[in-house]
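Enquirer: Handing you a structure now.
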Amino acid sequence: MNMHVWAMFLLLVCAGFVPAWADEPTITVLVAYHSMGGHTEKMAQGVLEGARSVPGTQVLLKRVGQVTAEELFSSDALIIGSPVYWSNMAGEVKTFFDNWQFKFGVFPEWKMRNKVGAAFATGGQISSGKELTMLTILAAMLGNQMIVVSGGGAFGASATTEGDSPGIDEKEWASAKELGQRVAEVTWMVKSPSKR
Ligand SMILES: Cc1cc2nc3c(=O)[nH]c(=O)nc-3n(C[C@H](O)[C@H](O)[C@H](O)COP(=O)(O)O)c2cc1C
């Protein structure tokens with residue numbers, strides 16, 4: 001842009017004109033996870049891709065211990081991923097939930113109320129706690145009056161990471177993307193029903 005165009009633009013902005021592209025609505029999806037061996041982190045990246053595929057969606061990807069109060073409370077949706085530890089969520093993820101009150105002061109205002117929430121998990125073996133892990137994550141969200149959704153599977157997206165087919169296979173990766181996409185779509189419906 002040359003000087004004259006810039007000057008005109010600044011004049012219009014000062015006069016209260018907001019260009020259409022600057023007024024585009026967005027939603028923010030926070031994807032938070034714990035991972036020691038990288039499997040849950042890889043699923044988190046799939047979730048991120050899926051959410052980002054929905055236009056106008058910003059995605060923040062963070063380890064649970066690095067999420068700030070500002071990031072948590074300013075997000076429109078939260079998708080939490082955990083490895084299965086003894087048929088349940090990892091202690092780091094539970095501590096994250098507990099810190100919503102201890103560090104962030106979620107009550108008495110119900111600061112997470114009506115945000116969309118979802119879960120994903122990775123576990124070493126088949127039938128050894130992935131669904132329980134997702135359900136306990138969803139239970140903590142329900143306790144905070146969040147709007148809980150599934151996607152990629154009945155309770156969220158999951159992967160079996162040890163045994164005959166170690167790592168994250170194509171179907172599991174696709175389920176992570178499906179979850180991210182569904183959460184973004186539902187968040188748009190909740191936030192802006194007239195636009196979607
Ligand atoms: C302390 C501990 C407990 C575990 N308990 C289970 C379990 O109960 N069921 C299961 O399927 N996998 C269990 N696993 C395996 C992990 O869930 C699995 O390897 C997971 O994919 C690790 O995720 P990450 O690579 O993101 O760290 C356990 C692993 C650890 C370290």
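Starting from 1 in every chain, residues are counted up; chains themselves are A, B, ... following the order of the structure tokens, and ligands are numbered from 1 as listed.
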List all protein, DNA and RNA residues that have at least one atom no more than 6 Å from any atom of ligand 1, counting only C-alpha atoms and all ligand atoms, and write them as a count of residues only.

Expert: 19

Enquirer: According to DSSP computed on the backbone, where in chain A is there strand (DSSP E or B)? Give the residues as JSON, numbers by chain.

Expert: {"A": [27, 28, 29, 30, 31, 32, 33, 57, 58, 59, 60, 61, 62, 63, 77, 78, 79, 80, 81, 82, 83, 84, 85, 88, 89, 116, 117, 118, 119, 120, 121, 122, 123, 147, 148, 157, 158, 159, 160]}

Enquirer: Since we have the selection now, will you write its residues out, keeping N, CA and C atoms, as a tab-separated table (two decimals), in the first residue's frame?

Expert:
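In the end it all went to again-v7.tsv:
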chain	number	residue	atom	x	y	z
A	27	ILE	N	-13.63	-18.17	16.92
A	27	ILE	CA	-13.73	-18.89	18.19
A	27	ILE	C	-12.33	-19.39	18.53
A	28	THR	N	-12.10	-19.61	19.82
A	28	THR	CA	-10.81	-20.14	20.26
A	28	THR	C	-11.00	-21.50	20.93
A	29	VAL	N	-10.29	-22.48	20.40
A	29	VAL	CA	-10.32	-23.83	20.98
A	29	VAL	C	-8.97	-24.09	21.63
A	30	LEU	N	-9.00	-24.41	22.90
A	30	LEU	CA	-7.77	-24.75	23.62
A	30	LEU	C	-7.64	-26.27	23.67
A	31	VAL	N	-6.52	-26.77	23.16
A	31	VAL	CA	-6.23	-28.22	23.23
A	31	VAL	C	-5.12	-28.39	24.26
A	32	ALA	N	-5.45	-29.05	25.37
A	32	ALA	CA	-4.48	-29.21	26.46
A	32	ALA	C	-4.27	-30.70	26.73
A	33	TYR	N	-3.01	-31.07	26.95
A	33	TYR	CA	-2.72	-32.51	27.07
A	33	TYR	C	-1.54	-32.75	27.99
A	57	THR	N	-11.64	-20.54	13.14
A	57	THR	CA	-11.31	-21.17	14.42
A	57	THR	C	-9.82	-21.02	14.73
A	58	GLN	N	-9.54	-20.43	15.87
A	58	GLN	CA	-8.14	-20.34	16.34
A	58	GLN	C	-7.92	-21.45	17.34
A	59	VAL	N	-6.75	-22.07	17.26
A	59	VAL	CA	-6.47	-23.19	18.17
A	59	VAL	C	-5.19	-22.92	18.94
A	60	LEU	N	-5.27	-23.16	20.23
A	60	LEU	CA	-4.10	-23.03	21.10
A	60	LEU	C	-3.76	-24.42	21.61
A	61	LEU	N	-2.51	-24.85	21.42
A	61	LEU	CA	-2.08	-26.19	21.83
A	61	LEU	C	-1.10	-26.05	22.99
A	62	LYS	N	-1.43	-26.65	24.14
A	62	LYS	CA	-0.56	-26.49	25.31
A	62	LYS	C	-0.54	-27.74	26.18
A	63	ARG	N	0.57	-27.95	26.86
A	63	ARG	CA	0.61	-28.97	27.90
A	63	ARG	C	-0.22	-28.47	29.08
A	77	ALA	N	-13.79	-23.25	23.82
A	77	ALA	CA	-13.89	-24.71	23.92
A	77	ALA	C	-12.58	-25.26	24.44
A	78	LEU	N	-12.68	-26.39	25.10
A	78	LEU	CA	-11.49	-27.01	25.69
A	78	LEU	C	-11.51	-28.50	25.38
A	79	ILE	N	-10.42	-28.99	24.79
A	79	ILE	CA	-10.32	-30.43	24.50
A	79	ILE	C	-9.09	-30.94	25.26
A	80	ILE	N	-9.33	-31.89	26.15
A	80	ILE	CA	-8.25	-32.37	27.01
A	80	ILE	C	-7.86	-33.80	26.67
A	81	GLY	N	-6.55	-34.03	26.55
A	81	GLY	CA	-6.05	-35.36	26.24
A	81	GLY	C	-5.15	-35.89	27.34
A	82	SER	N	-5.28	-37.20	27.60
A	82	SER	CA	-4.46	-37.82	28.65
A	82	SER	C	-4.04	-39.23	28.25
A	83	PRO	N	-2.84	-39.64	28.65
A	83	PRO	CA	-2.53	-41.07	28.59
A	83	PRO	C	-3.31	-41.77	29.70
A	84	VAL	N	-3.59	-43.05	29.50
A	84	VAL	CA	-4.23	-43.83	30.57
A	84	VAL	C	-3.16	-44.22	31.58
A	85	TYR	N	-3.36	-43.84	32.83
A	85	TYR	CA	-2.51	-44.30	33.92
A	85	TYR	C	-3.40	-45.07	34.89
A	88	ASN	N	-7.14	-44.66	34.37
A	88	ASN	CA	-7.75	-43.36	34.62
A	88	ASN	C	-6.87	-42.26	34.01
A	89	MET	N	-7.31	-41.01	34.16
A	89	MET	CA	-6.49	-39.91	33.63
A	89	MET	C	-5.18	-39.81	34.41
A	116	VAL	N	-17.64	-25.36	25.52
A	116	VAL	CA	-17.74	-26.72	24.98
A	116	VAL	C	-16.52	-27.52	25.43
A	117	GLY	N	-16.73	-28.78	25.80
A	117	GLY	CA	-15.62	-29.62	26.27
A	117	GLY	C	-15.63	-30.99	25.65
A	118	ALA	N	-14.43	-31.56	25.49
A	118	ALA	CA	-14.31	-32.91	24.93
A	118	ALA	C	-13.00	-33.53	25.39
A	119	ALA	N	-12.85	-34.85	25.13
A	119	ALA	CA	-11.69	-35.57	25.66
A	119	ALA	C	-11.09	-36.51	24.62
A	120	PHE	N	-9.79	-36.78	24.78
A	120	PHE	CA	-9.15	-37.85	24.01
A	120	PHE	C	-8.13	-38.54	24.91
A	121	ALA	N	-7.79	-39.79	24.54
A	121	ALA	CA	-6.90	-40.57	25.40
A	121	ALA	C	-6.07	-41.53	24.57
A	122	THR	N	-4.89	-41.86	25.08
A	122	THR	CA	-4.13	-42.98	24.52
A	122	THR	C	-3.82	-43.94	25.66
A	123	GLY	N	-3.87	-45.24	25.32
A	123	GLY	CA	-3.56	-46.26	26.32
A	123	GLY	C	-2.76	-47.37	25.67
A	147	ILE	N	-20.48	-27.78	28.33
A	147	ILE	CA	-21.30	-28.51	27.37
A	147	ILE	C	-20.41	-29.58	26.75
A	148	VAL	N	-20.64	-30.82	27.13
A	148	VAL	CA	-19.74	-31.90	26.77
A	148	VAL	C	-20.17	-32.57	25.47
A	157	ALA	N	-11.92	-39.22	21.10
A	157	ALA	CA	-10.96	-39.92	20.23
A	157	ALA	C	-9.95	-40.69	21.09
A	158	SER	N	-9.51	-41.86	20.58
A	158	SER	CA	-8.54	-42.62	21.38
A	158	SER	C	-7.64	-43.46	20.50
A	159	ALA	N	-6.53	-43.89	21.09
A	159	ALA	CA	-5.58	-44.73	20.36
A	159	ALA	C	-4.96	-45.75	21.30
A	160	THR	N	-4.72	-46.95	20.76
A	160	THR	CA	-4.00	-48.00	21.50
A	160	THR	C	-2.56	-48.00	21.01

Enquirer: Set out as CSV a contact list for region 20-110 of chain A and region 168-180 of chain A with a cut-off of 7 Å, giving each residue of region 20-110 of chain A that qualifies its closest atom pair and distance in Å to one decimal, counting only C-alpha atoms, ordered by chain and rising residue number.

Expert:
residue,atom,partner,partner_atom,distance
A:His39,CA,A:Ile168,CA,6.8
A:Met43,CA,A:Ala176,CA,5.8
A:Gly46,CA,A:Lys177,CA,4.8
A:Val47,CA,A:Gly180,CA,4.3
A:Leu48,CA,A:Gly180,CA,6.1
A:Glu49,CA,A:Lys177,CA,6.0
A:Gly50,CA,A:Lys177,CA,4.0
A:Ala51,CA,A:Gly180,CA,4.2

Enquirer: Could you pull out the residues in region 6-123 of chain A that DSSP calls helix (DSSP H, G or I) from the backbone, as a ChimeraX atom specification?

Expert: /A:6-14,20-23,39-52,64-66,69-74,91-102

Enquirer: Quick one: pull the distance between CA of Phe97 (chain A) and CA of Thr187 (chain A), Å, one decimal.

Expert: 20.9 Å

Enquirer: In Å, how far is it from CA of Thr133 (chain A) to CA of Val190 (chain A)?

Expert: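 Computing the Euclidean distance for CA of Thr133 (chain A) and CA of Val190 (chain A) yields 25.8 Å.
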
Enquirer: Measuring between only C-alpha atoms, which one of A:Ala90, A:Glu71, A:Gly156, A:Trp110 shows the shortest distance to Gly143 (chain A)?

Expert: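 Looking only at the distances to Gly143 (chain A), the closest residue turns out to be A:Trp110.
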
Enquirer: Could you please determine the separation between CA of Asn114 (chain A) and CA of Met134 (chain A) in Å, to one decimal place?

Expert: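 CA of Asn114 (chain A) sits 19.1 Å away from CA of Met134 (chain A).
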
Enquirer: Point out the residue among A:Ser75, A:Thr68, A:Ser127, A:Ser165 with the least atom-to-atom distance to Asn99 (chain A), counting only C-alpha atoms.

Expert: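 Of all the options, A:Thr68 lies closest to Asn99 (chain A).
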
Enquirer: Go through A:Val67, A:Phe107, A:Ser150, A:Lys115 one by one, measure the shortest atom-to-atom distance of each to Trp188 (chain A) using only C-alpha atoms, and give the residue with the smallest value.

Expert: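 That would be A:Lys115, the residue with the smallest distance to Trp188 (chain A).
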